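Report on one structure; see the data block that follows.
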Amino acid sequence: MGDMSQIKYSYCLDEKNRLVHIKSLTDATRHTHRWRCLQCGQEMVANLGQKNAWHFSHKADTACDGESYLHKLAKRRIRAKFMSEESFPITFNRDFHCENKGKCPYYRQWECLEYNATERCNLRYWNARPLYDKCLEEVKYGEFRPDLLLKCSTKPDVQPIFIEIYKTHQSSEAKVNSMYRIIETKKIESEADIDDIIKRGFVEGENCTLKNFHPKHPIDKSKVRIPIDRFILYNSGKAYVERLSCGMIDKRIRPKSAVELNVRRHEFSIGESNGQNDIDTYEKGLVYLARKGLPIRNCILCRNYVYNDYLSNYLCKLYKIIGLKDPCPEQTEAGICERYEPDRKLTNYPLSKLEEDVSRVTL
């Protein structure tokens with residue numbers, strides 16, 4: 001919590017109880033009204049100096065609580081914003097889990113989660129019809145007295161919303177358990193915290209906490225960052241890997257393919273020192289098919305086919321002996337190569353581990 005004694009009061013009340021901002025004054029108008037404190041009601045003076053930021057201060061020494069000033073200011077400004085404008089936005093930020101949880105063999109809680117799922121709503125209108133049109137301050141509702149109460153005058157059956165300004169204490173357990181919907185601001189420590197709410201509305205997780213709200217987020221599967229690839233093998237022996245979206249796990253994506261596999265993607269190749277001895281997606285697809293008995297020959301599975309950093313490509317170590325013009329032959333050359341020799345490090349990869357990450361798509 002900041003030091004309340006250091007607060008520069010930007011707001012006070014005039015003789016008509018109107019909220020006044022220091023920036024609205026001039027040297028000519030600063031003395032034409034009587035200013036009083038929003039919290040304690042004592043007289044204030046306008047400080048329009050050249051060096052320090054403009055602010056109001058108490059005319060006489062006082063024990064006025066700056067913390068309570070922020071609490072009252074927040075209530076006044078939020079209510080004024082709500083009542084004076086056509087829109088008062090509220091933004092829900094929620095995580096959601098894949099709807100195929102429990103059915104998908106690749107489901108992992110920390111990955112099958114869409115972060116930053118947002119839904120913007122308007123507290124004033126819903127589908128172009130008025131929703132909440134009243135914002136009442138410190139009005140008792142049932143056994144509670146929220147800081148602000150949103151109500152719908154045309155639909156008494158619409159459940160009200162409590163707006164609570166978090167000053168020193170958060171909403172009580174009894175209030176939360178009452179199941180009334182509650183918008184609770186984050187701890188208000190400065191006028192800037194209030195400014196943010198006025199500018200952006202309520203944004204869950206950023207300037208407020210929402211309790212007992214249950215928005216339904218539209219699930220966009222194309223945005224779910226589940227790391228699954230599709231390994232595709234053709235009758236020619238050529239193979240490709242494509243990124244897969246969630247909704248395509250059970251669907252064939254290439255009509256002329258011979259085999260399609262869903263492969264849980266890993267970032268490391270077998271040659272890297274990652275402590276897991278993992279193989280990459282392409283290798284995993286080939287090795288899986290070989291371990292399942294498919295008579296597959298591919299240069300990637302040959303111990304003489306290695307990655308060359310200089311060429312940024314795989315090359316055949318025996319290309320001169322074999323008489324190849326290109327040191328980086330097509331991987332299907334393995335089908336006719338007399339010097340093809342399976343890399344046991346790959347072809348002996350544990351089938352049980354492969355089956356954790358690979359599944360065959362029914363064509």
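Each chain in the structure tokens gets a letter, A, B, ..., in the order shown, and its residues are numbered from 1; ligands are numbered from 1 in order too.
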| field | Residue neighbourhood Thr154 in chain A, 10 Å, only C-alpha atoms, exclusion window fewer than 4 positions, as an NGL selection string | value | :A and (130-133 or 158)
Next, the residues of the selection above should be written as a PDB file, in the first residue's frame with N, CA and C atoms.
```pdb
ATOM      1  N   PRO A 130     -31.634  -2.277 -23.351  1.00  0.00           N
ATOM      2  CA  PRO A 130     -31.102  -1.833 -22.055  1.00  0.00           C
ATOM      3  C   PRO A 130     -30.985  -2.995 -21.071  1.00  0.00           C
ATOM      4  N   LEU A 131     -29.877  -3.039 -20.383  1.00  0.00           N
ATOM      5  CA  LEU A 131     -29.673  -4.075 -19.378  1.00  0.00           C
ATOM      6  C   LEU A 131     -29.694  -3.417 -18.001  1.00  0.00           C
ATOM      7  N   TYR A 132     -28.565  -2.994 -17.499  1.00  0.00           N
ATOM      8  CA  TYR A 132     -28.532  -2.281 -16.231  1.00  0.00           C
ATOM      9  C   TYR A 132     -28.584  -0.781 -16.508  1.00  0.00           C
ATOM     10  N   ASP A 133     -29.542  -0.121 -15.919  1.00  0.00           N
ATOM     11  CA  ASP A 133     -29.705   1.313 -16.145  1.00  0.00           C
ATOM     12  C   ASP A 133     -29.645   2.128 -14.858  1.00  0.00           C
ATOM     13  N   VAL A 158     -34.023  -9.475 -13.196  1.00  0.00           N
ATOM     14  CA  VAL A 158     -32.608  -9.551 -13.559  1.00  0.00           C
ATOM     15  C   VAL A 158     -31.766  -9.399 -12.298  1.00  0.00           C
TER      16      VAL A 158
END
```
Can you check which residues of range 9-226 of chain A DSSP gives as strand (DSSP E or B) on the backbone and send them as a compact mmCIF listing (two decimals) with C-alpha atoms, in the first residue's frame?
```txt
# COMPACT_ATOMS: atom_id res chain seq x y z
CA TYR A 9 -5.78 15.29 -4.34
CA TYR A 11 -10.53 16.08 -7.04
CA CYS A 12 -12.75 17.86 -4.56
CA LEU A 13 -16.35 19.02 -4.28
CA LEU A 19 -16.98 16.63 -8.38
CA VAL A 20 -14.31 18.99 -9.71
CA HIS A 21 -10.92 18.12 -11.21
CA TRP A 35 -13.82 23.74 -2.32
CA ARG A 36 -14.26 21.01 0.22
CA GLU A 43 -12.22 23.37 3.18
CA MET A 44 -9.54 22.88 0.55
CA VAL A 45 -7.39 25.19 -1.55
CA ALA A 46 -6.32 24.85 -5.17
CA ASN A 47 -2.56 24.71 -5.73
CA HIS A 55 -3.54 19.57 -6.68
CA PHE A 56 -5.98 20.38 -3.92
CA SER A 57 -4.88 20.38 -0.30
CA HIS A 58 -6.61 20.95 3.03
CA PRO A 89 -17.54 -2.34 -20.96
CA ILE A 90 -16.66 -5.41 -18.96
CA THR A 91 -14.05 -7.81 -20.33
CA PHE A 92 -13.84 -11.45 -19.25
CA ASN A 93 -10.41 -13.07 -19.47
CA ARG A 94 -10.67 -16.80 -18.90
CA ASP A 95 -8.74 -19.97 -19.60
CA PHE A 96 -10.71 -22.83 -21.07
CA HIS A 97 -9.94 -26.49 -21.54
CA LEU A 113 -5.61 -24.67 -22.84
CA GLU A 114 -6.38 -21.45 -24.64
CA TYR A 115 -4.95 -18.50 -22.79
CA ASN A 116 -6.22 -14.97 -23.32
CA ALA A 117 -9.71 -16.12 -24.18
CA THR A 118 -11.65 -12.87 -23.97
CA GLU A 119 -15.25 -11.86 -24.17
CA ARG A 120 -16.25 -8.21 -24.17
CA CYS A 121 -19.69 -7.27 -22.93
CA ASN A 122 -21.54 -4.09 -22.10
CA TYR A 125 -26.92 -2.93 -23.07
CA TRP A 126 -27.32 -6.54 -24.18
CA ARG A 129 -31.57 -3.65 -25.36
CA PRO A 130 -31.10 -1.83 -22.06
CA LYS A 134 -29.37 2.15 -12.47
CA CYS A 135 -26.22 2.51 -10.42
CA LEU A 136 -26.98 3.13 -6.75
CA GLU A 137 -24.45 4.01 -4.07
CA TYR A 141 -29.80 -5.28 -0.95
CA PHE A 144 -25.61 -6.73 2.09
CA LEU A 148 -22.40 0.32 -5.85
CA LEU A 149 -25.45 -1.65 -6.97
CA LEU A 150 -26.37 -2.14 -10.63
CA LYS A 151 -30.07 -2.78 -11.25
CA ILE A 161 -24.52 -6.78 -9.74
CA PHE A 162 -22.48 -5.62 -6.75
CA ILE A 163 -19.50 -3.35 -7.41
CA GLU A 164 -17.06 -3.38 -4.53
CA ARG A 181 -22.41 -11.45 -9.07
CA ILE A 182 -19.64 -9.22 -7.78
CA ILE A 183 -17.20 -6.94 -9.57
CA GLU A 184 -14.40 -6.21 -7.11
CA THR A 185 -11.75 -3.70 -8.10
CA PHE A 202 -13.67 -3.49 -15.92
CA VAL A 203 -11.07 -5.94 -17.22
CA GLU A 204 -10.92 -9.25 -15.40
CA CYS A 208 -10.77 -6.20 -11.14
CA THR A 209 -11.79 -9.66 -9.99
CA LEU A 210 -15.12 -11.12 -11.07
CA LYS A 211 -16.99 -13.42 -8.74
```
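Residues in contact with Asn262 in chain A at 6 Å, where only C-alpha atoms are counted and same-chain residues fewer than 4 positions away are skipped, are listed as A:Asp229, A:Arg230, A:Val358, A:Ser359.
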With C-alpha atoms retained, could you export that selection as a compact mmCIF listing (two decimals), in the first residue's frame?
```txt
# COMPACT_ATOMS: atom_id res chain seq x y z
CA ASP A 229 1.53 -32.74 -36.33
CA ARG A 230 0.25 -34.93 -39.14
CA VAL A 358 1.51 -41.59 -32.33
CA SER A 359 -1.91 -42.72 -33.54
```
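Pairwise distance (CA of Glu333 in chain A, CA of Ala258 in chain A) equals 18.4 Å.
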| field | Ser84 in chain A surroundings by only C-alpha atoms, 12 Å radius, close-in-sequence under 4 positions cut, as a ChimeraX atom specification | value | /A:76-80,88,124,133-135,198
Those same residues, written as a PDB file, in the first residue's frame with C-alpha atoms?
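In the end it all went to result_38.pdb:
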```
ATOM      1  CA  ARG A  76     -18.257   8.712  -7.442  1.00  0.00           C
ATOM      2  CA  ARG A  77     -16.328   8.405 -10.687  1.00  0.00           C
ATOM      3  CA  ILE A  78     -17.456   4.872 -11.566  1.00  0.00           C
ATOM      4  CA  ARG A  79     -21.082   5.772 -10.915  1.00  0.00           C
ATOM      5  CA  ALA A  80     -20.786   8.996 -12.945  1.00  0.00           C
ATOM      6  CA  PHE A  88     -19.677   0.595 -19.797  1.00  0.00           C
ATOM      7  CA  ARG A 124     -25.534  -1.025 -20.092  1.00  0.00           C
ATOM      8  CA  ASP A 133     -29.705   1.313 -16.145  1.00  0.00           C
ATOM      9  CA  LYS A 134     -29.370   2.148 -12.466  1.00  0.00           C
ATOM     10  CA  CYS A 135     -26.220   2.514 -10.423  1.00  0.00           C
ATOM     11  CA  ILE A 198     -12.841   4.814 -16.217  1.00  0.00           C
TER      12      ILE A 198
END
```
